[in-house]
$ cat target-v5.cif   # mmCIF, C-alpha atoms
data_start
#
loop_
_atom_site.label_atom_id
_atom_site.label_comp_id
_atom_site.auth_asym_id
_atom_site.auth_seq_id
_atom_site.Cartn_x
_atom_site.Cartn_y
_atom_site.Cartn_z
CA MET D 608 36.25 65.24 -63.47
CA THR D 609 33.56 66.37 -65.92
CA ASP D 610 34.66 65.59 -69.49
CA LEU D 611 32.16 67.22 -71.84
CA HIS D 612 33.92 65.65 -74.84
CA ASP D 613 33.68 62.07 -73.60
CA PRO D 614 31.43 60.16 -76.06
CA ARG D 615 29.55 58.72 -73.08
CA PHE D 616 28.54 62.22 -71.91
CA ALA D 617 24.82 62.81 -72.61
CA THR D 618 24.62 66.52 -73.42
CA THR D 619 20.83 66.60 -73.69
CA LEU D 620 20.46 65.00 -70.26
CA ALA D 621 22.94 67.50 -68.79
CA ARG D 622 20.93 70.37 -70.26
CA GLY D 623 17.70 68.96 -68.88
CA LEU D 624 19.21 68.71 -65.42
CA SER D 625 20.47 72.29 -65.68
CA VAL D 626 16.85 73.34 -66.27
CA LEU D 627 15.76 71.59 -63.07
CA ARG D 628 18.65 73.17 -61.15
CA ALA D 629 17.55 76.64 -62.29
CA PHE D 630 14.64 76.61 -59.83
CA ARG D 631 15.01 78.24 -56.44
CA VAL D 632 12.91 77.91 -53.33
CA THR D 633 11.74 81.55 -53.57
CA ASP D 634 10.52 81.23 -57.18
CA ASP D 635 6.82 81.36 -57.98
CA GLY D 636 7.36 79.53 -61.23
CA LEU D 637 9.71 80.36 -64.11
CA SER D 638 9.05 81.18 -67.75
CA ASN D 639 11.10 79.71 -70.58
CA ALA D 640 12.82 83.06 -70.98
CA GLU D 641 13.80 83.16 -67.29
CA ILE D 642 15.09 79.57 -67.42
CA ALA D 643 17.10 80.42 -70.54
CA GLN D 644 18.62 83.41 -68.75
CA ARG D 645 19.62 81.33 -65.70
CA THR D 646 20.99 78.36 -67.63
CA GLY D 647 22.58 80.16 -70.57
CA LEU D 648 20.74 77.84 -72.97
CA PRO D 649 18.95 79.09 -76.11
CA LYS D 650 15.27 79.71 -75.55
CA SER D 651 14.35 77.23 -78.29
CA THR D 652 16.33 74.52 -76.48
CA VAL D 653 14.71 75.41 -73.17
CA SER D 654 11.25 75.18 -74.75
CA ARG D 655 11.93 71.62 -75.93
CA LEU D 656 13.38 70.62 -72.58
CA THR D 657 10.56 72.09 -70.48
CA PHE D 658 7.99 70.41 -72.75
CA THR D 659 9.71 67.03 -72.30
CA LEU D 660 10.15 67.48 -68.55
CA GLY D 661 6.51 68.48 -68.32
CA GLN D 662 5.39 65.37 -70.18
CA LEU D 663 7.39 63.25 -67.73
CA GLY D 664 6.01 64.98 -64.64
CA TYR D 665 9.23 66.68 -63.57
CA LEU D 666 7.67 70.08 -64.29
CA VAL D 667 4.11 71.33 -64.35
CA GLN D 668 2.89 74.35 -66.32
CA SER D 669 0.20 76.50 -64.82
CA PRO D 670 -2.69 77.35 -67.16
CA ARG D 671 -3.04 80.57 -65.20
CA ASP D 672 0.31 82.11 -66.12
CA ASP D 673 2.13 79.53 -68.29
CA ARG D 674 4.99 79.42 -65.78
CA PHE D 675 6.75 76.16 -64.94
CA ARG D 676 7.00 74.77 -61.42
CA PRO D 677 8.48 71.55 -59.96
CA GLY D 678 6.20 68.61 -60.68
CA PRO D 679 5.26 65.51 -58.68
CA THR D 680 7.92 63.29 -60.26
CA LEU D 681 10.68 65.74 -59.27
CA VAL D 682 9.29 65.99 -55.74
CA ALA D 683 9.25 62.18 -55.46
CA VAL D 684 12.84 61.89 -56.71
CA GLY D 685 13.95 64.57 -54.25
CA HIS D 686 12.22 62.77 -51.40
CA VAL D 687 13.97 59.50 -52.26
CA ALA D 688 17.33 61.28 -52.42
CA ALA D 689 16.79 62.99 -49.07
CA THR D 690 15.65 59.76 -47.43
CA SER D 691 18.83 58.00 -48.58
CA LEU D 692 20.90 60.40 -46.46
CA SER D 693 20.51 58.38 -43.27
CA PHE D 694 22.69 60.74 -41.22
CA LEU D 695 19.96 63.39 -41.40
CA VAL D 696 17.85 61.47 -38.86
CA PRO D 697 20.29 61.69 -35.93
CA ALA D 698 21.47 65.10 -37.17
CA HIS D 699 18.03 66.63 -36.70
CA ASP D 700 17.89 66.51 -32.89
CA LEU D 701 21.60 67.35 -32.53
CA MET D 702 21.38 70.45 -34.72
CA GLN D 703 18.05 71.65 -33.36
CA ARG D 704 19.47 71.43 -29.84
CA LEU D 705 22.54 73.35 -31.00
CA ALA D 706 20.40 76.07 -32.60
CA ASP D 707 18.36 76.46 -29.40
CA GLU D 708 21.41 76.50 -27.10
CA THR D 709 23.39 79.02 -29.16
CA GLY D 710 20.56 81.13 -30.60
CA THR D 711 22.09 80.77 -34.07
CA LEU D 712 20.75 79.46 -37.36
CA VAL D 713 22.23 76.04 -38.19
CA VAL D 714 22.35 74.98 -41.84
CA LEU D 715 23.57 72.00 -43.85
CA ALA D 716 25.10 72.75 -47.25
CA VAL D 717 26.27 70.59 -50.14
CA ARG D 718 28.20 71.64 -53.23
CA ASP D 719 26.28 72.35 -56.43
CA GLY D 720 28.72 73.41 -59.14
CA ASP D 721 30.42 76.61 -58.03
CA LYS D 722 27.94 77.21 -55.20
CA MET D 723 26.93 75.63 -51.91
CA VAL D 724 23.21 74.88 -51.70
CA LEU D 725 21.37 74.67 -48.37
CA ILE D 726 19.46 71.41 -47.98
CA ARG D 727 18.45 71.72 -44.28
CA THR D 728 18.02 74.55 -41.77
CA TRP D 729 17.44 74.48 -38.01
CA ARG D 730 16.17 77.72 -36.44
CA PRO D 731 16.37 78.56 -32.72
CA ARG D 732 12.87 78.21 -31.35
CA HIS D 733 12.81 81.11 -28.90
CA VAL D 734 14.84 83.87 -30.56
CA ALA D 735 14.97 85.56 -33.95
CA SER D 736 17.74 84.48 -36.32
CA ILE D 737 19.13 85.28 -39.73
CA TRP D 738 16.86 84.09 -42.51
CA LEU D 739 18.28 81.58 -44.97
CA GLU D 740 16.03 79.09 -46.75
CA VAL D 741 16.42 75.53 -47.98
CA GLY D 742 17.43 75.73 -51.63
CA GLN D 743 19.35 78.97 -51.24
CA ARG D 744 22.72 78.95 -52.99
CA VAL D 745 25.87 80.43 -51.47
CA PRO D 746 28.59 81.39 -53.98
CA PHE D 747 32.17 80.18 -53.65
CA GLN D 748 33.44 83.41 -52.15
CA THR D 749 34.59 84.33 -48.65
CA PHE D 750 31.74 82.49 -46.94
CA SER D 751 32.37 80.03 -44.14
CA SER D 752 30.85 76.94 -45.81
CA PRO D 753 32.86 76.99 -49.09
CA ARG D 754 36.06 77.72 -47.16
CA ALA D 755 35.42 74.68 -44.95
CA PHE D 756 34.44 72.59 -47.95
CA LEU D 757 37.67 73.27 -49.85
CA ALA D 758 39.73 72.74 -46.69
CA ALA D 759 38.18 69.29 -46.21
CA ALA D 760 38.12 68.27 -49.87
CA THR D 761 40.72 65.80 -51.13
CA PRO D 762 43.11 66.75 -53.96
CA ASP D 763 41.07 64.60 -56.37
CA GLU D 764 37.86 66.35 -55.32
CA ILE D 765 39.48 69.75 -55.81
CA ASP D 766 40.72 68.73 -59.27
CA ARG D 767 37.16 67.79 -60.17
CA ILE D 768 35.83 71.14 -58.98
CA VAL D 769 38.36 73.33 -60.80
CA THR D 770 37.96 71.44 -64.07
CA GLU D 771 34.18 71.80 -64.12
CA ALA D 772 32.57 74.56 -66.14
CA VAL D 773 31.94 77.12 -63.40
CA GLN D 774 30.98 80.77 -63.71
CA ASP D 775 33.27 82.19 -61.04
CA ARG D 776 36.50 80.24 -61.41
CA GLN D 777 38.55 83.14 -60.00
CA ALA D 778 36.65 83.00 -56.70
CA ILE D 779 37.55 79.32 -56.33
CA GLU D 780 41.19 80.05 -57.17
CA ASP D 781 41.24 82.79 -54.51
CA LEU D 782 39.82 80.40 -51.92
CA LEU D 783 42.32 77.71 -52.87
CA ALA D 784 45.16 80.18 -52.30
CA CYS D 785 43.99 80.49 -48.68
CA ARG D 786 43.38 76.74 -48.28
CA PRO D 787 46.59 75.96 -46.35
CA GLN D 788 45.76 78.55 -43.67
CA VAL D 789 42.15 77.36 -43.45
CA ARG D 790 43.27 73.73 -43.10
CA THR D 791 45.57 74.80 -40.26
CA GLU D 792 42.67 76.58 -38.56
CA LEU D 793 40.43 73.55 -39.02
CA ALA D 794 43.03 71.21 -37.55
CA ARG D 795 43.70 73.51 -34.59
CA THR D 796 40.15 74.49 -33.60
CA GLY D 797 37.91 71.89 -35.26
CA PHE D 798 35.97 74.55 -37.19
CA VAL D 799 36.37 77.36 -39.71
CA SER D 800 35.42 80.86 -38.58
CA THR D 801 34.41 83.65 -40.97
CA PRO D 802 33.55 87.14 -39.65
CA ALA D 803 30.74 89.19 -41.14
CA GLY D 804 31.41 90.82 -44.46
CA SER D 805 29.16 93.13 -46.45
CA GLY D 806 26.02 92.45 -48.44
CA PRO D 807 24.67 88.87 -48.22
CA ALA D 808 27.60 87.79 -46.04
CA ALA D 809 26.79 90.26 -43.26
CA TYR D 810 26.77 87.65 -40.51
CA ASN D 811 29.35 85.82 -38.42
CA ALA D 812 29.64 82.12 -39.15
CA VAL D 813 31.48 78.96 -38.14
CA SER D 814 31.53 75.76 -40.23
CA VAL D 815 32.49 72.12 -39.78
CA PRO D 816 32.76 69.48 -42.55
CA PHE D 817 31.13 66.06 -42.31
CA ARG D 818 31.70 63.03 -44.54
CA SER D 819 28.88 60.62 -45.22
CA GLY D 820 29.36 57.21 -46.80
CA ASN D 821 26.36 58.07 -49.01
CA LEU D 822 28.07 61.04 -50.67
CA ALA D 823 31.21 61.49 -52.75
CA GLU D 824 32.14 64.85 -51.20
CA PRO D 825 32.04 66.42 -47.73
CA VAL D 826 28.96 68.31 -46.61
CA ILE D 827 29.15 71.35 -44.36
CA PHE D 828 27.32 72.20 -41.13
CA THR D 829 27.32 75.94 -40.37
CA CYS D 830 26.10 78.17 -37.54
CA GLY D 831 25.43 81.80 -38.43
CA ALA D 832 24.26 84.92 -36.61
CA LEU D 833 24.21 88.68 -37.05
CA PRO D 834 27.14 90.44 -35.32
CA ALA D 835 24.71 92.12 -32.91
CA GLU D 836 23.44 88.71 -31.82
CA ALA D 837 26.76 86.83 -31.67
CA SER D 838 30.17 88.50 -31.79
CA VAL D 839 33.15 86.93 -33.52
CA GLU D 840 34.59 86.17 -30.08
CA ARG D 841 31.45 84.34 -28.99
CA MET D 842 31.26 82.44 -32.27
CA GLU D 843 34.86 81.28 -31.87
CA THR D 844 34.87 80.53 -28.14
CA GLU D 845 31.37 79.10 -27.69
CA VAL D 846 29.46 78.37 -30.90
CA GLY D 847 32.33 76.92 -32.96
CA PRO D 848 33.40 74.38 -30.31
CA LYS D 849 29.76 73.34 -29.76
CA LEU D 850 29.25 72.86 -33.51
CA ALA D 851 32.45 70.83 -33.77
CA ALA D 852 31.34 68.66 -30.81
CA ALA D 853 27.89 68.12 -32.39
CA VAL D 854 29.44 66.98 -35.68
CA ARG D 855 31.87 64.67 -33.87
CA THR D 856 28.88 63.16 -32.03
CA LEU D 857 27.10 62.69 -35.36
CA GLU D 858 30.17 60.87 -36.70
CA ARG D 859 30.13 58.50 -33.74
CA LEU D 860 26.39 57.87 -34.04
CA THR D 861 26.62 57.09 -37.76
CA GLY D 862 29.95 55.29 -37.73
CA GLN D 863 31.49 57.78 -40.15
CA ALA D 864 35.18 58.62 -40.30
CA PRO D 865 36.18 62.09 -39.07
CA GLY D 866 35.68 64.64 -41.85
CA LEU D 867 38.03 67.34 -40.67
CA ILE D 868 40.99 67.12 -43.04
CA PRO D 869 42.10 64.47 -45.50
CA THR D 870 45.68 63.21 -45.29
CA GLU D 871 47.83 64.64 -48.07
CA ALA D 872 51.31 63.78 -49.20
#

$ encode --input "target-v5.cif" --output "structure tokens"
Amino acid sequence: MTDLHDPRFATTLARGLSVLRAFRVTDDGLSNAEIAQRTGLPKSTVSRLTFTLGQLGYLVQSPRDDRFRPGPTLVAVGHVAATSLSFLVPAHDLMQRLADETGTLVVLAVRDGDKMVLIRTWRPRHVASIWLEVGQRVPFQTFSSPRAFLAAATPDEIDRIVTEAVQDRQAIEDLLACRPQVRTELARTGFVSTPAGSGPAAYNAVSVPFRSGNLAEPVIFTCGALPAEASVERMETEVGPKLAAAVRTLERLTGQAPGLIPTEA
């Protein structure tokens, strides 16, 4: 649970981290004004934070356009964090093989506030696929990965999520209302299936949770494809079972407990 009023809570540090989280993989640098818009912080506060982060090497400012970009210190910290996730090593071959066999894009997502952020992607090598990039954030709406995440989360984890300061609390409440049905689906099939919607969710997807001993919350593996490339029926009869089998294999290889559904009273 995030208690902003706890005397141990370092507000300045939290604001500095929110500046770093404002950057996206598609950005070609951000100005102070753009960072202020994304974080909701006053521009004067952002200016002090970006100056400090720049002095420490977490950000660099281009003399060409005065825009800030991730610096070498941030890259080094990110590399250390990624390396600590030991399950990514055996996951690589498993998920690349799955992407090639099914012709779908396979992604790994973790929760970041009220969004799921993609930290790995595996593209099929011989066919075109939907285009999602590492660093892309998926909102907590009717997407496959947040539905699977909330289904696999423990009651304590859910309490932590709903008490955090999130922008779209109603979307999380709507997903929680459907959680019992999604948990039933996950227990019955081993995966969560979400048909294509409109806009950015215009692809069919199946998701499976995985729990790593290195992380406090489940992470989500997802396969996605355009409806023309993989129908809902194919996703549910072929791709979903293969994804579930790949994640179960990863659990055995890493000695992790099954991450399907936590036991609840």

$ resolve_selection --input "target-v5.cif" --expression "the PyMOL selection byres ((chain D and resi 748) around 12)" --output "count of residues only"
30

$ residues_around --input "target-v5.cif" --residues "Ala851 in chain D" --least-positions-apart "2" --cutoff "8 Å" --atoms "only C-alpha atoms" --output "PyMOL selection string"
chain D and resi 797-798+815+847-849+853-855

$ closest_residue --input "target-v5.cif" --among "D:Tyr810, D:Phe616, D:Tyr665, D:Phe630" --to "Gln743 in chain D" --atoms "all atoms listed in the file"
D:Phe630

$ resolve_selection --input "target-v5.cif" --expression "the PyMOL selection byres ((chain D and resi 701-709) around 10)" --output "PyMOL selection string"
chain D and resi 695-700+710-715+728-734+736+828-832+837+841-842+845-847+849-850+852-854+856-857

$ closest_residue --input "target-v5.cif" --among "D:Gln863, D:Asn811, D:Thr761, D:Ser693" --to "Ala835 in chain D" --atoms "all atoms listed in the file"
D:Asn811

$ residues_around --input "target-v5.cif" --residues "Gly661 in chain D" --least-positions-apart "3" --cutoff "12 Å" --atoms "all atoms listed in the file" --output "ChimeraX atom specification"
/D:623,626-627,653-658,664-669,673-681

$ atom_distance --input "target-v5.cif" --atom1 "CA of Ala688 in chain D" --atom2 "CA of Ser814 in chain D"
23.7 Å

$ atom_distance --input "target-v5.cif" --atom1 "CA of Gly720 in chain D" --atom2 "CA of Arg795 in chain D"
28.8 Å

$ closest_residue --input "target-v5.cif" --among "D:Val839, D:Leu692, D:Pro816, D:Arg767" --to "Thr861 in chain D" --atoms "all atoms listed in the file"
D:Leu692

$ residues_near_point --input "target-v5.cif" --point "(11.8, 82.1, -71.0)" --cutoff "10 Å" --atoms "only C-alpha atoms" --output "list in words"
Leu637, Ser638, Asn639, Ala640, Glu641, Ile642, Ala643, Gln644, Arg645, Pro649, Lys650, Ser651, Val653, Ser654, Arg674 and Phe675 of chain D

$ atom_distance --input "target-v5.cif" --atom1 "CA of Val789 in chain D" --atom2 "CA of Trp738 in chain D"
26.2 Å

$ closest_residue --input "target-v5.cif" --among "D:Gly685, D:Gly862, D:Pro787, D:Pro802" --to "Arg818 in chain D" --atoms "only C-alpha atoms"
D:Gly862

$ resolve_selection --input "target-v5.cif" --expression "the PyMOL selection byres ((chain D and resi 826) around 6)" --output "ChimeraX atom specification"
/D:716-717,816-817,825,827

$ axis_aligned_box --input "target-v5.cif" --around "range 729-739 of chain D" --padding-each-side "6 Å" --output "lines of an AutoDock Vina configuration file"
center_x = 16.0
center_y = 80.0
center_z = -36.9
size_x = 18.3
size_y = 23.1
size_z = 28.1
